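final.tsv (TSV, C-alpha atoms)
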chain	number	residue	atom	x	y	z
A	225	MET	CA	-3.45	8.18	-29.66
A	226	GLY	CA	-0.32	8.98	-27.73
A	227	GLN	CA	-1.80	8.27	-24.30
A	228	ARG	CA	0.60	7.43	-21.48
A	229	PHE	CA	-0.01	4.54	-19.11
A	230	ARG	CA	1.69	3.06	-16.06
A	231	PHE	CA	1.80	-0.69	-15.60
A	232	PHE	CA	3.58	-3.15	-13.35
A	233	CYS	CA	4.60	-6.41	-14.89
A	234	CYS	CA	2.98	-9.54	-13.55
A	235	GLY	CA	5.65	-12.21	-13.23
A	236	CYS	CA	8.83	-10.21	-13.62
A	237	GLY	CA	8.32	-8.00	-10.59
A	238	ALA	CA	9.63	-4.99	-12.52
A	239	ASN	CA	8.09	-1.55	-12.69
A	240	ALA	CA	6.49	-0.49	-15.92
A	241	ALA	CA	8.01	2.28	-17.87
A	242	ASP	CA	5.79	5.09	-19.09
A	243	GLY	CA	5.52	5.19	-22.85
A	244	ASP	CA	3.64	6.63	-25.81
A	245	MET	CA	1.94	4.16	-28.09
A	246	GLU	CA	-0.87	3.56	-30.52
A	247	VAL	CA	-2.87	0.37	-30.12
A	248	ASP	CA	-5.45	-1.29	-32.29
A	249	ASP	CA	-8.75	-2.73	-31.19
A	250	GLU	CA	-8.25	-6.39	-32.06
A	251	SER	CA	-11.57	-8.15	-32.54
A	252	GLU	CA	-10.86	-10.92	-35.06
A	253	CYS	CA	-10.33	-13.61	-32.46
A	254	GLY	CA	-11.44	-17.20	-32.61
A	255	GLY	CA	-12.13	-19.62	-29.80
A	256	GLY	CA	-9.52	-22.08	-28.67
A	257	LYS	CA	-9.26	-25.01	-26.36
A	258	GLY	CA	-10.48	-23.94	-22.96
A	259	GLY	CA	-11.09	-20.45	-24.32
A	260	GLU	CA	-14.84	-20.43	-23.98
A	261	GLU	CA	-14.67	-21.82	-20.46
A	262	ALA	CA	-12.38	-19.09	-19.17
A	263	GLY	CA	-13.47	-16.33	-21.55
A	264	ALA	CA	-9.97	-16.15	-23.09
A	265	ARG	CA	-9.45	-15.82	-26.83
A	266	GLN	CA	-7.00	-17.85	-28.84
A	267	LEU	CA	-5.01	-15.42	-31.00
A	268	SER	CA	-2.90	-15.92	-34.07
A	269	TRP	CA	0.71	-14.73	-34.13
A	270	ALA	CA	-0.30	-12.15	-36.75
A	271	GLN	CA	-2.92	-10.76	-34.38
A	272	VAL	CA	-0.36	-10.48	-31.58
A	273	GLU	CA	1.99	-8.66	-33.94
A	274	ARG	CA	-0.77	-6.21	-34.91
A	275	MET	CA	-1.70	-5.61	-31.27
A	276	THR	CA	1.89	-4.71	-30.42
A	277	GLY	CA	2.78	-2.91	-33.65
A	278	GLY	CA	5.22	-5.67	-34.55
A	279	PHE	CA	6.50	-5.64	-30.95
A	280	THR	CA	7.37	-1.94	-31.19
A	281	SER	CA	4.68	-0.72	-28.77
A	282	ALA	CA	5.59	0.43	-25.25
A	283	VAL	CA	7.52	-2.13	-23.24
A	284	VAL	CA	5.80	-1.89	-19.87
A	285	GLY	CA	7.63	-4.65	-18.06
A	286	GLU	CA	10.59	-6.92	-18.58
A	287	GLY	CA	12.13	-9.81	-16.69
A	288	GLY	CA	14.27	-12.86	-17.17
A	289	PHE	CA	11.42	-14.90	-18.64
A	290	SER	CA	9.33	-12.39	-20.61
A	291	THR	CA	8.73	-8.95	-22.06
A	292	VAL	CA	5.38	-7.21	-21.54
A	293	TYR	CA	3.83	-4.81	-24.04
A	294	LEU	CA	0.85	-2.52	-23.54
A	295	ALA	CA	-1.95	-3.02	-26.05
A	296	ARG	CA	-5.70	-2.92	-26.44
A	297	LEU	CA	-8.01	-5.89	-26.87
A	298	SER	CA	-11.66	-5.25	-27.79
A	299	GLY	CA	-11.39	-1.67	-26.57
A	300	ALA	CA	-9.82	-2.49	-23.19
A	301	LEU	CA	-6.22	-2.00	-22.10
A	302	ALA	CA	-4.28	-5.25	-21.82
A	303	ALA	CA	-0.79	-6.47	-21.01
A	304	VAL	CA	0.75	-8.70	-23.68
A	305	LYS	CA	3.30	-10.97	-22.00
A	306	VAL	CA	5.67	-12.53	-24.55
A	307	HIS	CA	7.83	-15.31	-23.13
A	308	ARG	CA	11.42	-15.88	-24.15
A	309	SER	CA	12.14	-18.81	-26.47
A	310	SER	CA	13.60	-21.76	-24.56
A	311	GLU	CA	12.42	-25.21	-23.54
A	312	ARG	CA	12.41	-24.36	-19.83
A	313	ILE	CA	10.58	-21.06	-20.25
A	314	HIS	CA	8.06	-22.71	-22.58
A	315	ARG	CA	7.24	-25.13	-19.73
A	316	VAL	CA	6.63	-22.12	-17.48
A	317	PHE	CA	4.38	-20.58	-20.15
A	318	ARG	CA	2.41	-23.81	-20.57
A	319	GLN	CA	1.98	-24.14	-16.80
A	320	GLU	CA	0.69	-20.60	-16.47
A	321	LEU	CA	-1.60	-20.89	-19.49
A	322	GLU	CA	-3.12	-24.20	-18.42
A	323	THR	CA	-3.75	-22.86	-14.93
A	324	LEU	CA	-5.27	-19.55	-16.00
A	325	LEU	CA	-7.58	-21.28	-18.49
A	326	ARG	CA	-9.09	-23.30	-15.63
A	327	ILE	CA	-9.60	-20.62	-13.01
A	328	ARG	CA	-11.77	-17.53	-12.63
A	329	HIS	CA	-11.92	-15.37	-9.50
A	330	PRO	CA	-12.36	-11.61	-8.93
A	331	HIS	CA	-9.01	-11.46	-7.12
A	332	ILE	CA	-6.98	-13.44	-9.66
A	333	VAL	CA	-5.61	-11.70	-12.75
A	334	ARG	CA	-7.82	-12.48	-15.73
A	335	LEU	CA	-6.50	-14.13	-18.89
A	336	LEU	CA	-7.98	-12.29	-21.89
A	337	GLY	CA	-6.20	-14.15	-24.68
A	338	PHE	CA	-3.24	-16.32	-25.61
A	339	CYS	CA	-1.14	-17.48	-28.53
A	340	GLU	CA	0.91	-20.67	-28.73
A	341	GLN	CA	1.73	-20.74	-32.44
A	342	GLN	CA	5.39	-19.84	-31.89
A	343	ASP	CA	8.09	-20.90	-29.44
A	344	GLU	CA	7.53	-17.54	-27.73
A	345	GLY	CA	4.27	-18.20	-25.92
A	346	VAL	CA	2.02	-15.17	-25.43
A	347	LEU	CA	-0.44	-14.37	-22.63
A	348	VAL	CA	-2.77	-11.36	-22.83
A	349	LEU	CA	-3.70	-10.30	-19.30
A	350	GLU	CA	-5.94	-7.65	-17.80
A	351	PHE	CA	-4.34	-4.28	-17.11
A	352	ALA	CA	-3.50	-3.29	-13.52
A	353	ALA	CA	-3.68	0.50	-13.27
A	354	ASN	CA	-2.17	0.83	-9.77
A	355	GLY	CA	0.88	-1.37	-10.16
A	356	ASN	CA	1.73	-3.98	-7.56
A	357	LEU	CA	1.70	-4.32	-3.80
A	358	TYR	CA	5.49	-4.34	-3.47
A	359	GLU	CA	5.72	-0.89	-5.00
A	360	LYS	CA	2.88	0.46	-2.87
A	361	LEU	CA	4.54	-0.78	0.33
A	362	HIS	CA	8.19	-0.15	-0.47
A	363	GLY	CA	8.20	2.38	-3.30
A	364	GLY	CA	9.67	5.17	-1.20
A	365	GLY	CA	9.37	8.52	-2.89
A	366	LYS	CA	7.35	6.99	-5.73
A	367	ALA	CA	4.52	6.10	-3.39
A	368	ALA	CA	1.97	8.72	-2.35
A	369	GLY	CA	2.55	8.19	1.36
A	370	ALA	CA	2.18	5.02	3.38
A	371	MET	CA	-0.47	2.55	2.29
A	372	PRO	CA	-3.39	3.02	4.76
A	373	TRP	CA	-4.09	0.29	7.32
A	374	ALA	CA	-7.62	-0.43	6.09
A	375	ARG	CA	-6.36	-0.93	2.54
A	376	ARG	CA	-3.63	-3.30	3.77
A	377	VAL	CA	-6.17	-5.44	5.61
A	378	SER	CA	-8.52	-5.42	2.63
A	379	VAL	CA	-5.76	-6.53	0.25
A	380	ALA	CA	-4.75	-9.29	2.69
A	381	LEU	CA	-8.33	-10.59	2.75
A	382	GLN	CA	-8.63	-10.48	-1.04
A	383	VAL	CA	-5.39	-12.44	-1.55
A	384	ALA	CA	-6.53	-14.92	1.10
A	385	GLN	CA	-9.85	-15.36	-0.73
A	386	ALA	CA	-8.00	-16.00	-3.99
A	387	LEU	CA	-5.83	-18.66	-2.34
A	388	GLU	CA	-8.84	-20.25	-0.62
A	389	TYR	CA	-10.47	-20.52	-4.05
A	390	LEU	CA	-7.37	-22.17	-5.54
A	391	HIS	CA	-6.96	-24.60	-2.63
A	392	GLU	CA	-10.56	-25.55	-1.93
A	393	ARG	CA	-12.87	-24.60	-4.79
A	394	CYS	CA	-10.90	-25.52	-7.90
A	395	GLU	CA	-11.03	-28.91	-9.55
A	396	PRO	CA	-8.25	-29.91	-9.64
A	397	GLN	CA	-6.93	-27.97	-6.67
A	398	VAL	CA	-4.08	-25.53	-7.26
A	399	VAL	CA	-1.00	-24.49	-5.28
A	400	HIS	CA	0.20	-21.06	-6.47
A	401	GLY	CA	3.83	-21.65	-5.50
A	402	ASP	CA	5.09	-18.04	-5.55
A	403	VAL	CA	2.93	-15.83	-3.32
A	404	LYS	CA	4.72	-12.49	-2.78
A	405	ALA	CA	4.04	-8.77	-2.80
A	406	SER	CA	5.16	-8.20	-6.39
A	407	ASN	CA	2.75	-10.92	-7.56
A	408	VAL	CA	-0.22	-9.02	-6.14
A	409	LEU	CA	-1.44	-6.48	-8.70
A	410	LEU	CA	-3.73	-3.57	-7.79
A	411	ASP	CA	-6.44	-2.47	-10.21
A	412	ALA	CA	-7.98	0.98	-10.66
A	413	SER	CA	-10.06	0.58	-7.48
A	414	MET	CA	-7.07	-0.81	-5.50
A	415	SER	CA	-8.57	-4.30	-5.56
A	416	ALA	CA	-5.98	-7.10	-5.36
A	417	LYS	CA	-5.30	-9.45	-8.29
A	418	LEU	CA	-3.03	-12.43	-7.63
A	419	CYS	CA	-0.83	-13.09	-10.68
A	420	ASP	CA	2.10	-15.14	-12.05
A	421	PHE	CA	1.06	-18.78	-12.18
A	422	GLY	CA	4.25	-20.06	-13.80
A	423	SER	CA	5.10	-21.94	-10.60
A	424	ALA	CA	1.57	-23.27	-10.00
A	425	ARG	CA	0.95	-26.97	-9.39
A	426	MET	CA	-2.39	-28.64	-10.12
A	427	GLY	CA	-4.03	-31.97	-9.52
A	428	PHE	CA	-3.37	-33.16	-5.98
A	429	SER	CA	-5.28	-33.73	-2.76
A	430	ALA	CA	-2.63	-32.98	-0.15
A	431	ALA	CA	0.84	-32.72	-1.65
A	432	VAL	CA	2.83	-32.70	-4.87
A	433	ARG	CA	5.70	-35.13	-5.30
A	434	PRO	CA	9.19	-33.92	-4.35
A	435	ARG	CA	11.00	-31.80	-6.91
A	436	SER	CA	13.68	-33.47	-8.99
A	437	SER	CA	17.02	-31.96	-9.92
A	438	ALA	CA	15.51	-31.12	-13.32
A	439	HIS	CA	13.04	-28.70	-11.76
A	440	THR	CA	13.78	-25.25	-10.39
A	441	MET	CA	12.91	-24.58	-6.77
A	442	LEU	CA	9.58	-22.80	-6.33
A	443	GLY	CA	9.13	-19.50	-4.59
A	444	SER	CA	11.11	-16.32	-3.96
A	445	PRO	CA	13.69	-15.37	-1.30
A	446	GLY	CA	12.04	-14.47	1.98
A	447	TYR	CA	8.76	-16.21	1.14
A	448	VAL	CA	9.85	-19.83	0.67
A	449	ASP	CA	8.54	-22.35	3.19
A	450	PRO	CA	11.50	-23.89	5.14
A	451	HIS	CA	9.69	-27.25	5.15
A	452	TYR	CA	9.62	-27.20	1.35
A	453	ILE	CA	13.34	-26.38	1.26
A	454	ARG	CA	14.06	-29.38	3.50
A	455	SER	CA	11.68	-31.89	1.93
A	456	GLY	CA	11.06	-30.70	-1.63
A	457	VAL	CA	7.35	-31.43	-1.07
A	458	VAL	CA	4.85	-28.78	-2.18
A	459	THR	CA	1.54	-28.58	-0.31
A	460	LYS	CA	-1.20	-26.06	0.19
A	461	LYS	CA	0.54	-25.17	3.46
A	462	THR	CA	3.48	-23.98	1.32
A	463	ASP	CA	1.23	-21.17	0.09
A	464	VAL	CA	-0.02	-20.57	3.64
A	465	TYR	CA	3.55	-19.95	4.80
A	466	SER	CA	4.20	-17.47	1.98
A	467	PHE	CA	0.92	-15.72	2.75
A	468	GLY	CA	1.99	-15.44	6.39
A	469	VAL	CA	5.16	-13.66	5.27
A	470	LEU	CA	3.01	-11.34	3.15
A	471	LEU	CA	0.88	-10.58	6.22
A	472	LEU	CA	4.01	-9.66	8.19
A	473	GLU	CA	5.09	-7.43	5.32
A	474	LEU	CA	1.73	-5.64	5.34
A	475	LEU	CA	1.85	-5.30	9.14
A	476	THR	CA	5.42	-3.99	9.43
A	477	GLY	CA	6.06	-2.32	6.07
A	478	ILE	CA	9.39	-4.19	5.94
A	479	GLU	CA	10.52	-6.17	2.89
A	480	ALA	CA	10.36	-9.97	3.17
A	481	PHE	CA	14.01	-10.22	2.15
A	482	CYS	CA	16.80	-7.66	2.19
A	483	PRO	CA	19.42	-8.78	-0.37
A	484	VAL	CA	22.00	-6.26	0.84
A	485	GLU	CA	21.95	-7.60	4.40
A	486	GLY	CA	20.78	-11.11	3.52
A	487	ARG	CA	18.06	-10.64	6.15
A	488	LEU	CA	14.78	-12.57	6.28
A	489	LEU	CA	11.82	-10.74	7.77
A	490	THR	CA	10.64	-13.95	9.46
A	491	ALA	CA	14.02	-14.44	11.13
A	492	ALA	CA	14.13	-10.84	12.33
A	493	LEU	CA	10.64	-11.05	13.82
A	494	ALA	CA	10.79	-14.62	15.16
A	495	PRO	CA	11.72	-13.74	18.78
A	496	ARG	CA	8.91	-11.20	19.07
A	497	LEU	CA	6.37	-13.47	17.40
A	498	LYS	CA	7.24	-16.34	19.73
A	499	ALA	CA	6.95	-14.05	22.74
A	500	ALA	CA	3.61	-12.72	21.51
A	501	CYS	CA	4.85	-9.18	22.06
A	502	ASP	CA	2.62	-6.11	21.87
A	503	ALA	CA	1.61	-5.86	18.20
A	504	ARG	CA	2.01	-2.09	18.40
A	505	MET	CA	5.77	-2.71	18.43
A	506	LEU	CA	5.46	-4.41	15.03
A	507	VAL	CA	3.20	-2.02	13.12
A	508	ASP	CA	4.71	0.06	10.31
A	509	GLU	CA	5.84	3.29	12.02
A	510	ARG	CA	4.80	5.29	8.95
A	511	LEU	CA	1.18	4.67	9.96
A	512	GLY	CA	1.58	6.56	13.23
A	513	SER	CA	-1.61	5.96	15.18
A	514	ALA	CA	-3.78	5.50	12.09
A	515	TYR	CA	-4.57	1.83	12.63
A	516	ASP	CA	-6.70	-0.39	14.83
A	517	ALA	CA	-4.60	-1.95	17.61
A	518	GLY	CA	-6.97	-4.88	18.07
A	519	GLU	CA	-6.86	-5.69	14.38
A	520	ALA	CA	-3.07	-5.40	14.36
A	521	SER	CA	-2.83	-7.91	17.22
A	522	ALA	CA	-5.11	-10.33	15.36
A	523	VAL	CA	-3.09	-9.95	12.13
A	524	ALA	CA	0.19	-10.55	14.00
A	525	ALA	CA	-1.17	-13.69	15.68
A	526	LEU	CA	-2.56	-14.98	12.37
A	527	ALA	CA	0.74	-14.35	10.59
A	528	ALA	CA	2.62	-16.18	13.36
A	529	SER	CA	0.38	-19.24	12.93
A	530	CYS	CA	0.86	-19.19	9.14
A	531	VAL	CA	4.67	-19.17	9.34
A	532	GLY	CA	4.86	-21.87	12.01
A	533	GLN	CA	7.54	-24.49	11.43
A	534	ASN	CA	5.10	-27.44	11.51
A	535	PRO	CA	2.97	-27.30	8.32
A	536	SER	CA	0.24	-29.46	9.84
A	537	LEU	CA	-0.38	-26.83	12.53
A	538	ARG	CA	-0.75	-23.97	10.08
A	539	PRO	CA	-4.32	-22.83	9.34
A	540	SER	CA	-5.99	-23.54	6.03
A	541	MET	CA	-6.65	-20.57	3.76
A	542	GLY	CA	-10.34	-20.99	4.60
A	543	ASP	CA	-9.46	-20.52	8.28
A	544	VAL	CA	-7.39	-17.47	7.36
A	545	VAL	CA	-10.29	-15.89	5.45
A	546	ARG	CA	-12.70	-16.44	8.34
A	547	THR	CA	-10.23	-15.03	10.88
A	548	LEU	CA	-9.64	-11.88	8.85
A	549	GLU	CA	-13.35	-11.39	8.22
A	550	GLN	CA	-14.12	-11.71	11.93
A	551	SER	CA	-11.19	-9.82	13.43
A	552	ALA	CA	-10.79	-6.95	10.97
A	553	GLN	CA	-14.37	-6.24	9.98
A	554	GLY	CA	-14.08	-2.51	10.68
A	555	SER	CA	-11.17	-1.95	8.30
A	556	ILE	CA	-12.66	-4.21	5.64
A	557	LEU	CA	-15.88	-2.20	5.70
A	558	ALA	CA	-13.91	1.06	5.64
A	559	ALA	CA	-11.94	-0.08	2.60
A	560	GLY	CA	-15.18	-1.01	0.87
A	561	ARG	CA	-16.45	2.52	1.48
A	562	GLY	CA	-13.19	4.00	0.23
A	563	SER	CA	-12.26	5.38	3.66
A	564	ASP	CA	-9.57	4.60	6.22
A	565	GLY	CA	-11.80	5.75	9.04
A	566	GLN	CA	-10.40	9.26	8.77
A	567	GLY	CA	-12.15	10.16	5.55
A	568	LYS	CA	-9.54	8.94	3.09
A	569	LEU	CA	-8.06	5.75	1.71
Please go through the file and, once you have read it, give me the structure as structure tokens.
Amino acid sequence: MGQRFRFFCCGCGANAADGDMEVDDESECGGGKGGEEAGARQLSWAQVERMTGGFTSAVVGEGGFSTVYLARLSGALAAVKVHRSSERIHRVFRQELETLLRIRHPHIVRLLGFCEQQDEGVLVLEFAANGNLYEKLHGGGKAAGAMPWARRVSVALQVAQALEYLHERCEPQVVHGDVKASNVLLDASMSAKLCDFGSARMGFSAAVRPRSSAHTMLGSPGYVDPHYIRSGVVTKKTDVYSFGVLLLELLTGIEAFCPVEGRLLTAALAPRLKAACDARMLVDERLGSAYDAGEASAVAALAASCVGQNPSLRPSMGDVVRTLEQSAQGSILAAGRGSDGQGKL
């Protein structure tokens, strides 16, 4: 008892607070609709209360839509995400639950359990011991140095594989709708886990109908596809654009959006991307010379194609996966060995 854990909230983008807590191993769980298919357990409200000590256990994340508590389910650490009570937020909860029940991929956060007996919907998600990608890239003094190049490339590939799965291998297909650094969790081995499916859209072949005034715009500042802003139409290429921004963020170490200056990373880099400038001028200066210049050039070119203004000319996520696998094989292998090529990662 009394162990301390660090967690980054999936969905709220907030850092977890450290906290002392006791948690119970909760094993009295029955199956629910879709539960057996996805391996998730349907929990009663009483079970959720016991897991969280009546919602007095450590609050490890909090946002506008939910509060996240640290708990233990069947002996494993878990994040209990309790949504606020409102009609709009309940729609977000239902969207995320229905999506997570249908999908299973090593680089998508796993749904362990859920409860929908109360207005406050509950999702029990796997624990991410290393926080999220935003913190690793932009955490300043909190981060243990700059994230190594090989790890950046590996994370990019893993997120791309998750999106390829959603776009091409799910039935029905899924658009994530909010790809960004804070929605990429990192587990104990620094493997990426795409999270927050409250904006996901399912059941389409090419596009989802335009948003109505009753629906909130998808995406986050800096990552939103300009074509979606103009048309209101969500497609798989909407995710491709957001992934392209994430690639630029990994390449440069610069935030996708600076609220103080109102600056978009894509706007700041547009002239250099169009001119196909030397990629070495774009690479995060904190890396020094500890990166592969050829890989950096390939990543810059791929990112430029993903954030192109014409959605039809953007690559598919399958194309993105193949490009990364072919052009950054050295770093991907190094990350798999736990080395950045200089004996550490």
_For a quick check of understanding, using only C-alpha atoms, which of A:Val544, A:Met371, A:Thr462, A:Val398 has the smallest distance to A:Gly477?_
A:Met371
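Separating atom CA of A:Val283 from atom CA of A:Ser415 is a distance of 24.0 Å.
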*Distance of atom CA of A:Glu350 from atom CA of A:Leu335, expressed in Å to one decimal place*: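 Atom CA of A:Leu335 sits 6.6 Å away from atom CA of A:Glu350.
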*asked:* as a list in words, please: the residues near A:Cys530 (cut-off 10 Å, only C-alpha atoms, same-chain neighbours under 5 positions excluded).
replied: Lys461, Thr462, Asp463, Val464, Tyr465, Ser466, Phe467, Gly468, Val469, Leu471, Ala524, Ala525, Pro535, Leu537, Arg538, Pro539, Ser540, Met541 and Val544 of chain A
Selection export as a CSV table (one decimal), in the coordinates of the input, atoms kept: C-alpha atoms:
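Wrote selection_6.csv, looks like this:
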chain,number,residue,atom,x,y,z
A,461,LYS,CA,0.5,-25.2,3.5
A,462,THR,CA,3.5,-24.0,1.3
A,463,ASP,CA,1.2,-21.2,0.1
A,464,VAL,CA,0.0,-20.6,3.6
A,465,TYR,CA,3.6,-20.0,4.8
A,466,SER,CA,4.2,-17.5,2.0
A,467,PHE,CA,0.9,-15.7,2.8
A,468,GLY,CA,2.0,-15.4,6.4
A,469,VAL,CA,5.2,-13.7,5.3
A,471,LEU,CA,0.9,-10.6,6.2
A,524,ALA,CA,0.2,-10.6,14.0
A,525,ALA,CA,-1.2,-13.7,15.7
A,535,PRO,CA,3.0,-27.3,8.3
A,537,LEU,CA,-0.4,-26.8,12.5
A,538,ARG,CA,-0.8,-24.0,10.1
A,539,PRO,CA,-4.3,-22.8,9.3
A,540,SER,CA,-6.0,-23.5,6.0
A,541,MET,CA,-6.6,-20.6,3.8
A,544,VAL,CA,-7.4,-17.5,7.4
_Using all atoms listed in the file: which of A:Glu519, A:Glu311, A:Glu359, A:Asp543 has the shortest distance to A:Ser378_ =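 Ranking A:Glu519, A:Glu311, A:Glu359, A:Asp543 by distance to A:Ser378, first place goes to A:Glu519.
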